[in-house]
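See below for data.cif, which holds mmCIF, C-alpha atoms and all ligand atoms.
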data_upload
loop_
_atom_site.label_atom_id
_atom_site.label_comp_id
_atom_site.auth_asym_id
_atom_site.auth_seq_id
_atom_site.Cartn_x
_atom_site.Cartn_y
_atom_site.Cartn_z
CA MET K 1 -5.37 -7.92 10.61
CA VAL K 2 -3.84 -4.47 10.76
CA LYS K 3 -0.55 -5.84 9.50
CA THR K 4 -2.11 -7.50 6.46
CA VAL K 5 -3.95 -4.37 5.38
CA GLN K 6 -0.66 -2.52 5.78
CA ARG K 7 1.02 -5.08 3.55
CA ASP K 8 -1.62 -4.64 0.84
CA LEU K 9 -1.15 -0.90 1.12
CA ASP K 10 2.58 -1.33 0.52
CA ILE K 11 1.87 -3.47 -2.55
CA LEU K 12 -0.54 -0.87 -3.94
CA GLU K 13 2.13 1.81 -3.47
CA VAL K 14 4.52 -0.35 -5.51
CA ILE K 15 1.88 -0.62 -8.27
CA ILE K 16 1.75 3.19 -8.46
CA ILE K 17 5.56 3.36 -8.63
CA LYS K 18 5.67 0.84 -11.50
CA ILE K 19 3.02 2.73 -13.48
CA ASN K 20 4.82 6.03 -12.95
CA LYS K 21 8.04 4.41 -14.11
CA TYR K 22 6.37 3.37 -17.35
CA PHE K 23 5.21 6.93 -17.99
CA ASN K 24 8.71 8.21 -17.25
CA ASN K 25 10.18 5.71 -19.72
CA PHE K 26 12.04 3.81 -17.03
CA LEU K 27 10.17 0.56 -17.52
CA HIS K 28 9.38 -1.51 -20.59
CA ILE K 29 5.70 -2.37 -21.02
CA ASN K 30 6.51 -6.07 -20.84
CA THR K 31 8.01 -5.57 -17.37
CA VAL K 32 5.03 -3.49 -16.27
CA ILE K 33 2.58 -6.18 -17.40
CA ASN K 34 4.49 -8.94 -15.61
CA ASP K 35 5.05 -6.91 -12.45
CA LEU K 36 1.44 -5.79 -12.13
CA ASP K 37 0.27 -9.34 -12.67
CA SER K 38 2.42 -10.71 -9.87
CA LEU K 39 1.70 -7.81 -7.50
CA LEU K 40 -2.01 -8.32 -7.96
CA THR K 41 -1.81 -11.95 -6.88
CA GLN K 42 -0.03 -10.92 -3.66
CA LEU K 43 -2.93 -8.81 -2.40
CA THR K 44 -4.74 -10.64 0.39
CA THR K 45 -7.38 -8.34 1.89
CA ILE K 46 -8.72 -6.63 -1.22
CA ASP K 47 -12.07 -7.77 -2.56
CA GLU K 48 -12.31 -9.94 -5.68
CA LYS K 49 -14.49 -7.41 -7.49
CA TRP K 50 -11.71 -4.83 -7.34
CA LYS K 51 -9.13 -7.35 -8.52
CA LEU K 52 -11.38 -8.39 -11.39
CA GLU K 53 -11.78 -4.77 -12.49
CA PHE K 54 -8.05 -4.30 -12.24
CA ARG K 55 -7.39 -7.41 -14.28
CA THR K 56 -9.86 -6.35 -16.98
CA LEU K 57 -8.09 -3.04 -17.46
CA TRP K 58 -4.75 -4.76 -17.29
CA SER K 59 -5.74 -7.29 -19.95
CA ASN K 60 -6.52 -4.54 -22.50
CA MET K 61 -2.92 -3.55 -22.31
CA GLU K 62 -1.67 -7.12 -22.36
CA ILE K 63 -3.65 -7.79 -25.55
CA ALA K 64 -2.25 -4.64 -27.17
CA TYR K 65 1.24 -5.84 -26.31
CA ALA K 66 0.62 -9.43 -27.46
CA LEU K 67 -0.71 -8.21 -30.82
CA THR K 68 2.31 -5.98 -31.25
CA LEU K 69 4.69 -8.85 -30.57
CA ASP K 70 2.68 -11.11 -32.83
CA GLN K 71 3.13 -8.72 -35.71
CA GLY K 72 6.85 -8.60 -35.09
CA LEU K 73 6.74 -4.93 -34.17
CA GLU K 74 9.25 -3.42 -31.78
CA THR K 75 6.98 -0.70 -30.41
CA PHE K 76 3.31 0.08 -30.15
CA ASP K 77 1.50 1.76 -32.96
CA ASN K 78 -0.31 4.92 -31.90
CA GLN K 79 -3.65 3.30 -31.24
CA ARG K 80 -2.16 0.59 -29.01
CA LYS K 81 -0.03 3.13 -27.26
CA LYS K 82 -3.20 5.05 -26.48
CA ILE K 83 -5.02 1.93 -25.24
CA THR K 84 -2.07 1.08 -23.02
CA GLU K 85 -1.73 4.56 -21.60
CA LYS K 86 -5.45 4.77 -20.95
CA SER K 87 -5.35 1.40 -19.16
CA LEU K 88 -2.40 2.43 -17.02
CA PHE K 89 -3.99 5.76 -16.24
CA ASP K 90 -7.22 4.05 -15.12
CA LEU K 91 -5.28 1.43 -13.15
CA LYS K 92 -3.39 4.18 -11.38
CA LYS K 93 -6.60 6.02 -10.59
CA MET K 94 -8.37 2.97 -9.16
CA THR K 95 -5.25 2.06 -7.16
CA GLU K 96 -5.10 5.54 -5.66
CA VAL K 97 -8.75 5.35 -4.62
CA LYS K 98 -8.10 1.96 -2.99
CA ILE K 99 -5.04 3.29 -1.15
CA LYS K 100 -7.12 6.10 0.30
CA GLU K 101 -9.83 3.63 1.33
CA LEU K 102 -7.35 1.25 3.02
CA LYS K 103 -5.65 4.11 4.86
CA GLU K 104 -8.99 5.19 6.28
CA GLN K 105 -9.78 1.61 7.25
CA LEU K 106 -6.39 1.25 8.94
CA SER K 107 -6.64 4.42 10.93
CA SER K 108 -10.13 3.56 12.18
CA GLU K 109 -8.96 0.05 13.16
CA GLU K 110 -5.93 1.52 14.91
CA LYS K 111 -8.21 3.93 16.70
CA ASP K 112 -10.51 1.15 17.89
CA GLU K 113 -7.55 -0.81 19.13
CA LEU K 114 -5.43 1.92 20.65
CA ALA K 115 -7.73 4.75 21.76
CA LYS K 116 -8.14 3.62 25.38
CA PRO K 117 -5.46 2.37 27.78
CA ILE K 118 -5.43 -1.44 28.00
CA PRO K 119 -5.08 -2.43 31.67
CA GLU K 120 -3.82 -5.96 30.84
CA ILE K 121 -0.69 -4.47 29.30
CA GLN K 122 2.12 -3.43 31.65
CA GLU K 123 4.72 -1.92 29.34
CA LYS K 124 4.83 1.78 28.75
CA ALA K 125 6.75 3.55 26.01
CA ASN K 126 9.57 5.81 27.22
CA ASP K 127 9.11 9.49 26.52
CA LEU K 128 12.33 10.73 24.90
CA GLY K 129 10.96 14.24 24.44
CA ALA K 130 10.34 16.21 21.22
CA ASN K 131 7.61 13.70 20.24
CA TRP K 132 9.95 10.72 20.28
CA LEU K 133 9.08 7.50 22.07
CA MET K 134 11.14 4.41 22.78
CA CYS K 135 9.94 0.82 23.09
CA PRO K 136 11.11 -0.76 26.38
CA LEU K 137 10.94 -4.22 24.78
CA CYS K 138 13.12 -3.76 21.69
CA GLN K 139 14.65 -0.27 22.23
CA GLU K 140 13.22 1.02 18.96
CA ALA K 141 12.73 4.81 18.96
CA TRP K 142 10.16 6.52 16.73
CA GLU K 143 8.41 9.81 16.30
CA SER K 144 4.83 9.83 17.57
CA HIS K 145 2.17 12.51 17.78
CA SER K 146 -0.47 10.16 19.14
CA LYS K 147 -2.54 11.12 22.16
CA TYR K 148 -4.29 7.73 22.30
CA GLY K 149 -4.11 5.53 25.38
CA MET K 150 -1.81 3.08 23.62
CA VAL K 151 0.84 3.27 20.92
CA ARG K 152 2.19 0.47 18.76
CA CYS K 153 5.92 -0.10 18.45
CA PRO K 154 6.71 0.03 14.71
CA ASN K 155 9.50 -2.50 15.15
CA CYS K 156 8.15 -5.28 17.38
CA ASN K 157 4.46 -4.34 16.95
CA HIS K 158 3.73 -4.57 20.68
CA LYS K 159 1.11 -2.28 22.13
CA LEU K 160 2.48 0.00 24.84
CA HIS K 161 0.99 2.60 27.12
CA ASN K 162 1.40 6.06 25.67
CA PRO K 163 3.18 8.51 27.99
CA LYS K 164 1.45 11.32 26.06
CA TYR K 165 -2.05 9.99 26.71
CA GLN K 166 -4.60 12.67 27.46
CA ALA K 167 -7.68 11.12 29.02
ZN ZN K 201 9.37 -2.69 20.21
#
Structure re-expressed in structure tokens:
Amino acid sequence: MVKTVQRDLDILEVIIIKINKYFNNFLHINTVINDLDSLLTQLTTIDEKWKLEFRTLWSNMEIAYALTLDQGLETFDNQRKKITEKSLFDLKKMTEVKIKELKEQLSSEEKDELAKPIPEIQEKANDLGANWLMCPLCQEAWESHSKYGMVRCPNCNHKLHNPKYQA
């Protein structure tokens, strides 16, 4: 569960990057339209209502682009440029709100899962000092400021006892 929400979060971050690239003139609108369309279909935990709203905004811009192509124009006229920029701006805004929401959801799920030591688990992360821990299972080292009972190895995803746990 946690992993899937994390994956959706990553996809939403990519959506923001694509939109920013359009505004910085690094991406053609055609590429933005195609990329956003395919990114949207990859989201698995986000509700349909949000996706529908996203697609509605997205379609305004797709129509503006289709009309432009249809008329054999190379670039948007001013009105279509405005429609497109407004759509992208709104898409960016709603994506940012969703990112914030998912991050809160993730951290509360992590808290529920990791707050207390889990007696069934034997393995304990190694304390490397200076807030670095190492996973005894895969030798991954990472920086951690957690005081929860358990930590999760970012490489193998196993839960481990936290040497920094403060009961
Ligand atoms: Zn590991």
What residues of the protein or nucleic acid chains come within 6 Å of ligand ZN 201 (chain K) when you use all atoms listed in the file? Reply as number ranges by chain. K: 135, 137-138, 140, 153, 155-156, 158
Which residue of K:Val32, K:Ala141, K:Leu40, K:Leu27 approaches Asn126 (chain K) most closely, using all atoms listed in the file: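 Of the candidates, the smallest distance to Asn126 (chain K) is held by K:Ala141.
With distances restricted to only C-alpha atoms, K:Lys51 is the closest residue to Asp37 (chain K) from K:Lys51, K:Lys159, K:Lys98, K:Lys21.
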Selected residue of minimal separation from Lys18 (chain K) among K:Phe89, K:Tyr148, K:Trp142, K:Trp50, counting all atoms listed in the file: K:Phe89
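Counting only C-alpha atoms, the residue from K:Gln122, K:Gln42, K:Asn24, K:Asn78 that sits nearest to Leu12 (chain K) is K:Gln42.
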Residues within 12 Å of (-8.9, 1.7, 9.6), file coordinates, counting all atoms listed in the file: what are they? Give the list as a PyMOL selection string. chain K and resi 1-6+9+99-114
Who sits within 10 Å of Lys124 (chain K), only C-alpha atoms, same chain under 3 positions skipped, as a PyMOL selection string: chain K and resi 121+127+133-137+150-151+159-163
Point-to-point distance from CA of Pro119 (chain K) to CA of Gly149 (chain K), Å rounded to tenths: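 According to the coordinates, CA of Pro119 (chain K) and CA of Gly149 (chain K) are separated by 10.2 Å.
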To one decimal in Å, tell me the separation between CA of Val14 (chain K) and CA of Trp132 (chain K).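 These two atoms are separated by 28.6 Å.
For the set K:Ala125, K:Ala167, K:Leu88, K:Met61, the residue with the smallest atom-to-atom gap to Tyr22 (chain K) is K:Leu88, counting all atoms listed in the file.
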For a test of reading the model, state the distance in Å between CA of Leu57 (chain K) and CA of Ile19 (chain K), rounded to one decimal. 13.1 Å
10 Å contact set for Lys81 (chain K), only C-alpha atoms, chain neighbours under 6 positions out, as a ChimeraX atom specification: /K:61,64-65,75,87
Could you tell me which of K:Glu85, K:Asp47, K:Asp8, K:Glu62 comes closest to Thr31 (chain K) if we count only C-alpha atoms? K:Glu62
Could you write out as JSON the box around region 107-113 of chain K (axis-aligned, all atoms listed in the file, 5 Å on each side), with centre and edge lengths in Å to one decimal?
{"center_x": -8.2, "center_y": 1.8, "center_z": 15.0, "size_x": 14.6, "size_y": 15.2, "size_z": 18.2}
